[in-house]
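Structure file entry01.cif with mmCIF, C-alpha atoms:
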```cif
data_upload
#
loop_
_atom_site.label_atom_id
_atom_site.label_comp_id
_atom_site.auth_asym_id
_atom_site.auth_seq_id
_atom_site.Cartn_x
_atom_site.Cartn_y
_atom_site.Cartn_z
CA MET A 2 21.17 15.20 -17.30
CA LEU A 3 21.50 15.21 -13.53
CA THR A 4 24.82 16.28 -12.09
CA GLU A 5 26.25 15.44 -8.69
CA GLU A 6 25.68 19.02 -7.59
CA LEU A 7 21.93 18.62 -8.22
CA ILE A 8 21.60 15.40 -6.26
CA THR A 9 21.12 16.90 -2.81
CA TYR A 10 18.98 14.95 -0.40
CA SER A 11 17.10 15.53 2.80
CA ASN A 12 20.02 14.41 4.96
CA LYS A 13 22.21 17.12 3.34
CA LYS A 14 24.62 14.60 1.81
CA LYS A 15 25.34 14.30 -1.89
CA TYR A 16 25.44 11.13 -3.95
CA THR A 17 25.97 10.51 -7.63
CA PRO A 18 23.47 8.35 -9.51
CA VAL A 19 24.99 5.15 -10.85
CA ASP A 20 23.72 6.01 -14.33
CA SER A 21 22.75 9.67 -14.60
CA MET A 22 21.51 9.21 -18.18
CA ASN A 23 18.97 6.55 -17.21
CA HIS A 24 16.46 8.23 -14.95
CA LEU A 25 12.97 9.72 -14.77
CA ILE A 26 12.03 13.17 -13.50
CA ALA A 27 8.82 13.38 -11.47
CA ASN A 28 6.64 16.45 -11.07
CA THR A 29 5.65 17.30 -7.51
CA TYR A 30 2.34 18.88 -6.49
CA ASN A 31 1.27 20.85 -3.46
CA SER A 32 -1.96 19.74 -1.81
CA GLU A 33 -1.41 22.32 0.95
CA PHE A 34 -1.78 19.88 3.83
CA SER A 35 0.88 20.57 6.44
CA PHE A 36 0.13 17.39 8.45
CA ALA A 37 0.57 15.08 5.45
CA HIS A 38 2.46 11.96 6.53
CA ASP A 39 3.52 8.62 5.02
CA THR A 40 0.60 7.20 3.05
CA TYR A 41 -0.06 3.62 1.94
CA ASN A 42 -2.15 2.43 -1.02
CA ALA A 43 -4.62 5.33 -0.89
CA ILE A 44 -4.54 6.43 -4.53
CA SER A 45 -6.50 5.22 -7.58
CA LYS A 46 -7.63 6.27 -11.02
CA ALA A 47 -11.41 6.39 -11.42
CA SER A 48 -13.52 5.92 -14.56
CA ASP A 49 -13.61 9.70 -15.04
CA GLY A 50 -9.85 9.60 -15.68
CA LYS A 51 -9.05 11.56 -12.52
CA ILE A 52 -6.71 10.51 -9.72
CA TYR A 53 -8.28 10.25 -6.28
CA TYR A 54 -6.02 10.11 -3.25
CA ILE A 55 -5.88 10.51 0.52
CA LEU A 56 -3.04 12.07 2.48
CA SER A 57 -2.52 10.60 5.92
CA SER A 58 -1.95 12.38 9.22
CA ASP A 59 -0.18 10.93 12.25
CA SER A 60 -1.27 13.87 14.42
CA ILE A 61 -3.96 13.73 17.07
CA GLU A 62 -4.95 17.22 15.88
CA SER A 63 -5.89 16.37 12.31
CA ALA A 64 -7.64 13.69 10.30
CA GLY A 65 -6.47 12.63 6.87
CA LYS A 66 -7.73 14.50 3.81
CA MET A 67 -9.13 13.35 0.47
CA TYR A 68 -8.33 15.03 -2.86
CA VAL A 69 -8.79 14.61 -6.59
CA PHE A 70 -6.24 15.47 -9.29
CA ASP A 71 -7.18 16.27 -12.89
CA PRO A 72 -4.36 15.03 -15.18
CA ILE A 73 -5.42 17.37 -17.98
CA THR A 74 -5.58 20.66 -16.07
CA GLU A 75 -3.15 19.53 -13.33
CA GLN A 76 -5.53 21.01 -10.78
CA ILE A 77 -5.93 19.57 -7.28
CA THR A 78 -9.32 19.79 -5.60
CA TYR A 79 -9.71 19.20 -1.88
CA ILE A 80 -12.74 17.02 -1.16
CA ALA A 81 -13.07 16.35 2.58
CA TYR A 82 -11.55 15.53 5.98
CA LEU A 83 -11.97 11.86 6.79
CA SER A 84 -13.33 12.46 10.31
CA GLU A 85 -15.99 14.82 8.96
CA ILE A 86 -17.11 12.22 6.43
CA CYS A 87 -17.44 9.78 9.35
CA GLY A 88 -19.59 12.19 11.37
CA GLU A 89 -16.91 12.80 13.98
CA LYS A 90 -16.36 16.53 13.59
CA GLY A 91 -15.93 18.22 16.96
CA LEU A 92 -16.11 14.99 18.98
CA ARG A 93 -12.52 15.25 20.24
CA GLN A 94 -11.61 11.65 19.64
CA ILE A 95 -8.55 10.23 17.97
CA PRO A 96 -9.20 11.07 14.31
CA GLN A 97 -9.52 9.01 11.17
CA GLY A 98 -5.90 9.64 10.33
CA LYS A 99 -5.57 7.66 7.15
CA SER A 100 -6.97 5.33 4.58
CA HIS A 101 -4.78 2.27 4.08
CA VAL A 102 -6.58 1.00 0.97
CA ARG A 103 -7.17 1.74 -2.70
CA PHE A 104 -10.46 3.09 -4.05
CA PHE A 105 -12.75 0.52 -5.67
CA GLU A 106 -15.41 1.63 -8.16
CA TYR A 107 -18.86 0.05 -8.19
CA GLN A 108 -21.97 1.54 -9.80
CA HIS A 109 -20.38 4.99 -10.22
CA LYS A 110 -19.26 5.16 -6.60
CA LEU A 111 -15.80 4.88 -5.05
CA TYR A 112 -15.60 2.58 -2.02
CA PHE A 113 -12.84 2.80 0.57
CA SER A 114 -12.24 2.56 4.32
CA THR A 115 -10.45 4.48 7.07
CA HIS A 116 -7.75 3.66 9.56
CA VAL A 117 -6.13 5.15 12.64
CA GLY A 118 -3.10 7.37 12.01
CA TYR A 119 -2.14 8.40 15.55
CA TYR A 120 -0.44 5.65 17.55
CA GLU A 121 0.78 5.03 21.07
CA LEU A 122 4.35 3.76 21.36
CA ILE A 123 4.35 0.68 23.62
CA ASP A 124 7.51 -1.44 24.03
CA GLY A 125 8.96 0.15 20.90
CA MET A 126 5.94 -0.66 18.72
CA ASP A 127 3.24 1.55 17.20
CA CYS A 128 0.03 0.42 18.91
CA LEU A 129 -3.62 1.34 18.88
CA PRO A 130 -3.87 4.07 21.56
CA GLN A 131 -4.97 2.81 24.95
CA THR A 132 -4.56 6.04 26.90
CA ILE A 133 -6.69 9.17 26.58
CA THR A 134 -4.36 11.99 25.49
CA ASN A 135 -4.93 15.75 25.84
CA GLY A 136 -8.63 15.21 26.39
CA TYR A 137 -9.11 13.17 23.22
CA ASN A 138 -11.25 10.05 23.47
CA LEU A 139 -9.94 6.74 22.13
CA TYR A 140 -10.27 5.78 18.48
CA ALA A 141 -13.86 4.75 17.72
CA GLY A 142 -13.08 2.46 14.77
CA GLY A 143 -12.59 2.79 11.05
CA HIS A 144 -15.45 3.33 8.61
CA ILE A 145 -16.43 1.88 5.25
CA LEU A 146 -17.40 4.77 3.00
CA SER A 147 -18.60 5.52 -0.52
CA TYR A 148 -18.21 8.60 -2.69
CA ASP A 149 -20.61 9.19 -5.58
CA LEU A 150 -18.67 10.38 -8.65
CA ARG A 151 -21.77 12.06 -10.07
CA THR A 152 -23.34 13.78 -7.06
CA LYS A 153 -20.10 14.18 -5.03
CA ALA A 154 -21.96 12.87 -1.98
CA PHE A 155 -20.48 10.59 0.67
CA GLU A 156 -22.26 7.76 2.44
CA ASP A 157 -21.08 6.35 5.77
CA LEU A 158 -21.85 2.66 5.39
CA ALA A 159 -20.43 0.80 8.38
CA ILE A 160 -18.05 0.99 11.35
CA ILE A 161 -15.32 -1.58 11.94
CA PRO A 162 -16.03 -3.41 15.24
CA ASN A 163 -13.99 -3.22 18.43
CA GLY A 164 -12.56 0.24 17.78
CA GLU A 165 -10.12 -1.05 15.14
CA GLY A 166 -9.07 0.42 11.82
CA MET A 167 -9.13 -1.24 8.40
CA VAL A 168 -5.58 -2.08 7.32
CA SER A 169 -6.49 -4.03 4.16
CA MET A 170 -9.49 -4.03 1.85
CA THR A 171 -10.62 -5.29 -1.51
CA MET A 172 -13.94 -5.33 -3.34
CA ASP A 173 -15.73 -7.73 -5.63
CA CYS A 174 -16.92 -5.01 -7.99
CA ASN A 175 -19.11 -7.47 -9.91
CA ARG A 176 -21.09 -8.58 -6.88
CA GLY A 177 -20.87 -5.54 -4.61
CA GLN A 178 -19.02 -7.27 -1.77
CA ILE A 179 -16.29 -5.65 0.36
CA TYR A 180 -13.70 -7.65 2.30
CA GLY A 181 -11.12 -6.36 4.73
CA ILE A 182 -8.80 -7.04 7.63
CA SER A 183 -8.99 -5.00 10.81
CA TRP A 184 -5.98 -3.71 12.72
CA PRO A 185 -4.43 -4.55 15.07
CA THR A 186 -6.01 -7.90 16.04
CA GLY A 187 -6.78 -9.07 12.51
CA ASN A 188 -10.49 -9.73 12.21
CA PHE A 189 -11.81 -10.65 8.76
CA ILE A 190 -14.56 -8.21 7.76
CA HIS A 191 -17.25 -8.83 5.11
CA TYR A 192 -19.60 -6.02 4.09
CA ASP A 193 -22.45 -6.74 1.68
CA VAL A 194 -23.16 -3.45 -0.12
CA PRO A 195 -26.54 -4.28 -1.74
CA ASN A 196 -27.92 -5.62 1.55
CA ASN A 197 -26.11 -3.14 3.84
CA GLN A 198 -24.89 -5.96 6.07
CA LEU A 199 -21.60 -6.13 8.00
CA LYS A 200 -20.18 -9.46 9.18
CA ASN A 201 -17.21 -9.90 11.50
CA ILE A 202 -15.92 -13.37 10.67
CA GLY A 203 -13.33 -13.19 13.45
CA GLN A 204 -9.58 -13.48 13.93
CA PHE A 205 -7.61 -15.76 11.64
CA SER A 206 -3.93 -15.16 12.53
CA ALA A 207 -3.24 -15.52 16.27
CA ASN A 208 -3.60 -12.04 17.84
CA GLY A 209 -2.44 -10.17 14.77
CA GLU A 210 -0.26 -7.13 15.30
CA ALA A 211 -1.69 -6.69 18.80
CA GLY A 212 0.11 -9.83 19.88
CA VAL A 213 3.23 -10.26 21.98
CA PRO A 214 6.43 -10.56 19.88
CA GLY A 215 7.79 -14.08 20.07
CA ASP A 216 4.39 -15.41 21.08
CA ASP A 217 1.05 -14.54 19.45
CA TYR A 218 2.25 -11.62 17.28
CA ARG A 219 1.57 -12.01 13.53
CA SER A 220 1.99 -9.50 10.69
CA LEU A 221 -1.29 -9.03 8.85
CA CYS A 222 -1.79 -9.40 5.11
CA ARG A 223 -2.02 -6.06 3.29
CA SER A 224 -3.59 -7.28 0.05
CA LEU A 225 -6.65 -9.46 -0.54
CA LEU A 226 -7.64 -11.11 -3.80
CA VAL A 227 -11.06 -11.81 -5.33
CA ASP A 228 -11.34 -14.66 -7.84
CA ALA A 229 -13.57 -12.98 -10.43
CA ARG A 230 -15.07 -16.30 -11.48
CA ASP A 231 -16.84 -17.25 -8.25
CA GLY A 232 -16.18 -14.41 -5.78
CA THR A 233 -13.93 -16.43 -3.47
CA VAL A 234 -11.50 -14.24 -1.51
CA TYR A 235 -7.87 -15.23 -0.94
CA PHE A 236 -5.35 -13.79 1.50
CA SER A 237 -2.17 -14.91 3.24
CA ILE A 238 -0.86 -15.22 6.78
CA SER A 239 2.69 -14.66 7.98
CA GLU A 240 3.32 -18.41 8.40
CA GLY A 241 2.88 -18.68 4.63
CA ASP A 242 -0.50 -20.39 4.39
CA ILE A 243 -3.03 -19.08 1.87
CA LEU A 244 -6.55 -18.74 3.24
CA SER A 245 -9.81 -18.55 1.36
CA TYR A 246 -13.22 -17.17 2.26
CA ASN A 247 -16.39 -18.25 0.50
CA PRO A 248 -18.98 -15.48 1.03
CA THR A 249 -21.87 -17.89 0.49
CA ILE A 250 -20.71 -20.26 3.21
CA GLY A 251 -19.22 -17.48 5.37
CA LYS A 252 -16.23 -19.51 6.51
CA ILE A 253 -12.43 -19.19 6.25
CA ASN A 254 -10.48 -22.24 5.05
CA THR A 255 -6.79 -23.00 4.53
CA CYS A 256 -5.89 -23.83 0.93
CA LYS A 257 -4.49 -27.34 0.64
CA ASP A 258 -1.29 -28.32 -1.19
CA VAL A 259 -0.07 -24.74 -1.70
CA ASP A 260 1.70 -22.16 0.48
CA LEU A 261 4.19 -19.29 0.35
CA ARG A 262 6.97 -20.99 2.30
CA ILE A 263 9.30 -20.84 -0.69
CA ASP A 264 13.09 -20.87 -0.39
CA TYR A 265 13.44 -17.91 -2.76
CA PHE A 266 11.33 -15.74 -0.44
CA GLY A 267 13.72 -16.14 2.51
CA LYS A 268 13.35 -17.46 6.05
CA TYR A 269 11.22 -15.75 8.70
CA ASP A 270 10.03 -16.09 12.25
CA PRO A 271 6.30 -15.27 11.92
CA THR A 272 6.10 -14.31 15.60
CA ARG A 273 8.52 -11.38 15.26
CA PRO A 274 7.65 -7.86 14.01
CA GLY A 275 9.64 -5.89 11.46
CA ASN A 276 8.74 -7.86 8.33
CA MET A 277 5.72 -9.35 6.60
CA GLY A 278 6.96 -12.91 7.04
CA TYR A 279 5.80 -15.19 4.23
CA ASN A 280 2.80 -12.95 3.45
CA TRP A 281 2.50 -11.77 -0.09
CA ARG A 282 2.84 -8.01 -0.25
CA LYS A 283 0.50 -7.12 -3.12
CA VAL A 284 -1.59 -9.27 -5.46
CA PHE A 285 -4.19 -8.82 -8.24
CA TRP A 286 -6.41 -11.08 -10.35
CA TYR A 287 -5.38 -11.53 -13.99
CA GLY A 288 -8.38 -12.63 -16.03
CA PRO A 289 -6.70 -13.77 -19.27
CA GLU A 290 -4.86 -16.55 -17.42
CA GLN A 291 -7.38 -17.04 -14.60
CA VAL A 292 -4.59 -16.65 -12.04
CA ALA A 293 -3.32 -14.07 -9.59
CA TYR A 294 -0.04 -12.19 -9.98
CA GLY A 295 1.65 -11.08 -6.80
CA VAL A 296 4.91 -9.80 -5.40
CA HIS A 297 6.53 -11.01 -2.21
CA GLY A 298 7.83 -8.24 0.05
CA ASN A 299 11.52 -8.30 1.03
CA SER A 300 12.59 -10.66 -1.76
CA GLY A 301 10.77 -8.87 -4.59
CA TYR A 302 9.85 -12.03 -6.50
CA LEU A 303 6.95 -11.90 -8.93
CA PHE A 304 4.84 -15.06 -8.76
CA LYS A 305 1.64 -16.59 -10.08
CA PHE A 306 -0.96 -18.16 -7.79
CA ASN A 307 -3.38 -20.54 -9.47
CA PRO A 308 -6.30 -21.37 -7.15
CA THR A 309 -7.66 -23.97 -9.58
CA ASN A 310 -4.70 -26.34 -9.37
CA ALA A 311 -3.39 -24.99 -6.04
CA SER A 312 0.04 -23.91 -7.29
CA ILE A 313 2.58 -21.12 -6.93
CA GLU A 314 4.94 -20.41 -9.83
CA ILE A 315 7.92 -18.06 -9.58
CA VAL A 316 7.95 -15.76 -12.63
CA ASP A 317 10.88 -13.37 -12.18
CA ARG A 318 12.60 -11.17 -9.63
CA ILE A 319 11.28 -7.66 -10.29
CA THR A 320 13.45 -5.68 -7.92
CA SER A 321 15.74 -3.03 -9.44
CA GLU A 322 18.69 -4.18 -11.53
CA LEU A 323 21.04 -2.88 -8.84
CA SER A 324 19.23 -4.85 -6.15
CA LYS A 325 19.52 -7.97 -8.28
CA LYS A 326 23.24 -7.45 -8.86
CA CYS A 327 24.12 -7.04 -5.20
CA GLY A 328 21.56 -9.59 -4.01
CA MET A 329 19.94 -7.35 -1.41
CA PHE A 330 16.42 -7.63 0.03
CA ASP A 331 14.10 -4.62 0.07
CA GLN A 332 15.27 -1.75 2.25
CA PHE A 333 11.66 -1.12 3.18
CA SER A 334 11.15 -3.80 5.79
CA TYR A 335 7.64 -4.76 4.63
CA GLY A 336 8.37 -4.57 0.89
CA TYR A 337 6.53 -2.22 -1.48
CA LEU A 338 2.83 -1.68 -2.21
CA GLY A 339 3.33 0.22 -5.47
CA PHE A 340 2.40 -2.79 -7.63
CA GLN A 341 -0.43 -2.65 -10.18
CA LEU A 342 -1.58 -3.83 -13.59
CA GLY A 343 -1.52 -0.98 -16.11
CA PRO A 344 -4.31 0.28 -18.38
CA ASP A 345 -3.20 -1.92 -21.30
CA GLY A 346 -4.19 -4.97 -19.28
CA LYS A 347 -0.84 -6.72 -19.63
CA THR A 348 1.90 -4.50 -18.16
CA ILE A 349 2.72 -4.60 -14.46
CA TYR A 350 4.01 -1.33 -12.97
CA TYR A 351 6.13 -1.63 -9.84
CA LEU A 352 7.76 1.10 -7.74
CA THR A 353 10.61 -0.48 -5.83
CA GLY A 354 13.79 0.45 -4.02
CA ALA A 355 17.40 0.35 -5.13
CA PRO A 356 20.74 0.62 -3.36
CA ILE A 357 22.76 3.83 -3.29
CA TYR A 358 26.50 3.71 -3.86
CA LYS A 359 29.09 6.13 -2.53
CA ASP A 360 32.71 5.84 -3.65
CA GLY A 361 31.87 2.50 -5.21
CA LYS A 362 30.44 1.02 -2.01
CA ARG A 363 26.82 0.34 -1.22
CA LEU A 364 25.32 2.37 1.62
CA LYS A 365 23.96 -0.14 4.09
CA GLY A 366 21.09 0.44 6.47
CA GLU A 367 20.03 -1.33 9.62
CA ASP A 368 20.18 -5.13 9.63
CA GLU A 369 16.85 -5.35 11.42
CA ILE A 370 14.04 -2.95 12.22
CA ALA A 371 11.12 -3.41 14.60
CA LYS A 372 8.37 -2.03 12.38
CA GLY A 373 7.42 -1.30 8.80
CA ALA A 374 9.92 1.33 7.72
CA ALA A 375 12.98 1.83 5.55
CA LYS A 376 16.16 0.31 6.96
CA GLY A 377 18.21 2.97 5.19
CA LEU A 378 18.30 5.56 2.43
CA GLU A 379 17.48 4.18 -1.01
CA ASP A 380 16.63 5.18 -4.57
CA LEU A 381 13.21 4.67 -6.11
CA HIS A 382 13.04 2.78 -9.43
CA LEU A 383 10.19 2.14 -11.83
CA ILE A 384 9.98 -1.45 -13.06
CA THR A 385 7.62 -2.69 -15.76
CA TYR A 386 6.91 -6.30 -16.60
CA ASP A 387 5.04 -7.33 -19.76
CA ILE A 388 3.06 -10.43 -18.78
CA VAL A 389 2.38 -11.50 -22.37
CA GLY A 390 5.93 -11.02 -23.64
CA GLY A 391 7.69 -11.87 -20.39
CA VAL A 392 9.74 -8.66 -20.64
CA TYR A 393 11.25 -7.07 -17.50
CA LYS A 394 12.49 -3.48 -17.72
CA ASP A 395 14.13 -1.29 -15.09
CA HIS A 396 13.51 2.29 -16.19
CA GLY A 397 16.02 3.65 -13.71
CA PRO A 398 15.88 5.91 -10.66
CA ILE A 399 13.32 8.65 -10.18
CA TYR A 400 14.22 12.16 -9.02
CA TYR A 401 12.46 15.46 -8.55
CA LYS A 402 13.50 18.46 -10.62
CA ASP A 403 15.54 19.86 -7.73
CA GLY A 404 17.43 16.57 -7.34
CA GLN A 405 15.58 15.19 -4.32
CA ARG A 406 14.62 11.54 -4.46
CA PRO A 407 11.11 10.28 -3.57
CA LEU A 408 11.11 8.40 -0.27
CA TYR A 409 8.68 6.08 1.57
CA VAL A 410 6.71 5.20 -1.55
CA ASN A 411 4.02 2.57 -1.02
CA SER A 412 1.25 3.41 -3.45
CA ILE A 413 0.60 3.62 -7.18
CA ALA A 414 -1.98 4.62 -9.76
CA VAL A 415 -1.50 4.55 -13.52
CA GLY A 416 -3.35 7.13 -15.61
CA ASP A 417 -5.08 6.57 -18.93
CA ASP A 418 -2.02 7.99 -20.71
CA GLY A 419 0.40 5.73 -18.82
CA ASP A 420 1.73 8.37 -16.44
CA ILE A 421 2.36 7.00 -12.96
CA TYR A 422 1.14 8.63 -9.75
CA THR A 423 2.20 7.98 -6.20
CA LEU A 424 2.44 9.63 -2.78
CA ALA A 425 5.98 10.31 -1.60
CA ARG A 426 8.00 12.32 0.88
CA ILE A 427 9.05 15.78 -0.27
CA ASP A 428 11.27 18.30 1.50
CA ARG A 429 9.35 21.56 1.25
CA ASP A 430 10.25 24.79 3.04
CA GLY A 431 12.42 22.95 5.54
CA LYS A 432 9.74 20.39 6.41
CA THR A 433 9.30 16.84 5.17
CA ILE A 434 5.74 16.03 4.12
CA THR A 435 4.05 13.52 1.85
CA ASP A 436 2.33 14.66 -1.32
CA LEU A 437 1.31 13.71 -4.83
CA ILE A 438 3.93 13.18 -7.52
CA ARG A 439 3.57 12.34 -11.23
CA ILE A 440 6.10 10.20 -13.09
CA PRO A 441 6.02 10.41 -16.90
CA SER A 442 5.26 7.20 -18.75
CA PRO A 443 8.51 5.58 -19.91
CA PHE A 444 6.71 4.39 -23.05
CA LYS A 445 5.77 7.81 -24.44
#
```

Transcribe the structure of this file into structure tokens.
Amino acid sequence: MLTEELITYSNKKKYTPVDSMNHLIANTYNSEFSFAHDTYNAISKASDGKIYYILSSDSIESAGKMYVFDPITEQITYIAYLSEICGEKGLRQIPQGKSHVRFFEYQHKLYFSTHVGYYELIDGMDCLPQTITNGYNLYAGGHILSYDLRTKAFEDLAIIPNGEGMVSMTMDCNRGQIYGISWPTGNFIHYDVPNNQLKNIGQFSANGEAGVPGDDYRSLCRSLLVDARDGTVYFSISEGDILSYNPTIGKINTCKDVDLRIDYFGKYDPTRPGNMGYNWRKVFWYGPEQVAYGVHGNSGYLFKFNPTNASIEIVDRITSELSKKCGMFDQFSYGYLGFQLGPDGKTIYYLTGAPIYKDGKRLKGEDEIAKGAAKGLEDLHLITYDIVGGVYKDHGPIYYKDGQRPLYVNSIAVGDDGDIYTLARIDRDGKTITDLIRIPSPFK
């Protein structure tokens, strides 16, 4: 049982959990990467049962690093620096600071892409650097990469055009096709693996996150969906329209008679930064029903998207019980990326925020924030949702053994045994870094 004395957080204040008997204790691991910074999506379980992940860096001095974790031995193995994989070692250019995407497995190889991690602050916004700093050349563009699980060899497949990173990516693992969205201007990228062909389909949402707030600025979709039946790709835009891309035709279309402008999701100005607008936050294809399940950031509503009959159906609100009770939106201004179907093929795992109470009153954060970040301090809860049974369960807050709470969590992988893995902030030796944590399965 956690006591108030144990619940000591990075801001040196103490808070008592609302229900100290209903919580999960996560193990923390040390990847020994001092530059490790907030990381998004970049963790997955491969067919060998191991957990592959990338720790980001926001420093001009260091690229991100890739690792693998063995759940049986609990050993971490360092694999490579991202910039070295991309052939940029010693070039003194802004490094490949992060991967913003999951790993996708195809023919015994893991496919992923890289993104910039070092930004230039312009008018209060994190922007793609435009000024050469300390003798470093500008960012040369993200790469699409593969890692062979058998030979441990990397292959550098393609470079994202126009010196942009890859902020979103998915893969049709049946057909060997990769799809992504570049950052900041939002070009739709199609890479054909068997034919080694890259296509830049062009911009689809004004000027993306390179635009001027109030004018041509648009938040870019962070999750793309492949319909397993025919290979059509679906993604959203901040105005709420759902777009589709047919790889055979090579053209983007707007889906008719369906959109994400739903009252339950809230009201947004798509031209303003600080939220994802009407974009879905994370989505996956669910074969048994031939539909997609997704979660909307900010509101936390689980929904079904049926491309066959062009419909959206609200399923449930899968925020924490405490968020439901007080009616709050997500504290993380973009919503949460820790949303995935589990190994049983029917249980959704979702890592989401929850309010913190002090003396019976909820701690409130900022009303508005200009970028993707947490508006205030929050708890982390594990939610599961059984699709077949329609059962929602909040398994309570998650803490470390020393009483710290995981912060800035936007990734998830579920192991073969049901244990949950993510990348979270940890206070270690007086410094806050991001590293791997393991949450025990609530069903064991």

*Nearest to Asp380 of chain A by atom-to-atom distance, counting all atoms listed in the file, from A:Glu89, A:Glu322, A:Glu156, A:Asp430*: A:Glu322

Any chance you could resolve the PyMOL selection byres ((chain A and resi 371) around 7) against this file and give the residues as an mmCIF file with C-alpha atoms, keeping the file's coordinate frame?
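See out-v2.cif below for the written result:
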```
data_model
loop_
_atom_site.group_PDB
_atom_site.id
_atom_site.type_symbol
_atom_site.label_atom_id
_atom_site.label_comp_id
_atom_site.auth_asym_id
_atom_site.auth_seq_id
_atom_site.Cartn_x
_atom_site.Cartn_y
_atom_site.Cartn_z
ATOM 1 C CA PRO A 274 7.650 -7.860 14.010
ATOM 2 C CA GLY A 275 9.640 -5.890 11.460
ATOM 3 C CA GLU A 369 16.850 -5.350 11.420
ATOM 4 C CA ILE A 370 14.040 -2.950 12.220
ATOM 5 C CA LYS A 372 8.370 -2.030 12.380
#
```

Residues in the PyMOL selection byres ((chain A and resi 398-410) around 7), expressed as a short mmCIF file (atom, residue, chain, number, x, y, z; two decimals) with C-alpha atoms, keeping the file's coordinate frame:
```cif
data_model
loop_
_atom_site.label_atom_id
_atom_site.label_comp_id
_atom_site.auth_asym_id
_atom_site.auth_seq_id
_atom_site.Cartn_x
_atom_site.Cartn_y
_atom_site.Cartn_z
CA LEU A 7 21.93 18.62 -8.22
CA ILE A 8 21.60 15.40 -6.26
CA THR A 9 21.12 16.90 -2.81
CA TYR A 10 18.98 14.95 -0.40
CA HIS A 24 16.46 8.23 -14.95
CA LEU A 25 12.97 9.72 -14.77
CA ILE A 26 12.03 13.17 -13.50
CA ALA A 27 8.82 13.38 -11.47
CA ASN A 28 6.64 16.45 -11.07
CA ASP A 39 3.52 8.62 5.02
CA ASP A 380 16.63 5.18 -4.57
CA LEU A 381 13.21 4.67 -6.11
CA HIS A 382 13.04 2.78 -9.43
CA LEU A 383 10.19 2.14 -11.83
CA GLY A 397 16.02 3.65 -13.71
CA ASN A 411 4.02 2.57 -1.02
CA SER A 412 1.25 3.41 -3.45
CA LEU A 424 2.44 9.63 -2.78
CA ALA A 425 5.98 10.31 -1.60
CA ARG A 426 8.00 12.32 0.88
CA ILE A 427 9.05 15.78 -0.27
#
```

_Selected residue of minimal separation from Met170 of chain A among A:His109, A:Arg318, A:Lys283, A:Arg219, counting only C-alpha atoms_ =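 The answer is A:Lys283, which sits nearest to Met170 of chain A.
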
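This file, queried with the PyMOL selection byres ((chain A and resi 241) around 7), gives the residues Ser237, Ile238, Ser239, Glu240, Asp242, Ile243, Asp260, Leu261, Arg262, Tyr279 and Asn280 of chain A.
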
_What's around segment 338-349 of chain A at 9 Å? Count all atoms listed in the file, leave out sequence neighbours fewer than 4 positions away in its own chain, and write the answer as a VMD selection string._
chain A and resid 41 to 42 223 to 224 282 to 285 287 295 to 296 298 353 384 to 390 410 to 419 423

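A straight line drawn from atom CA of Gln198 of chain A to atom CA of Ile80 of chain A is 27.0 Å long.
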
_What's around Gly354 of chain A at 8 Å? Count all atoms listed in the file, leave out sequence neighbours fewer than 4 positions away in its own chain, and write the answer as a PyMOL selection string._
chain A and resi 320-321+324+331-333+379-382

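If you look at atom CA of Pro162 of chain A and atom CA of Ala207 of chain A, they are 17.6 Å away from each other.
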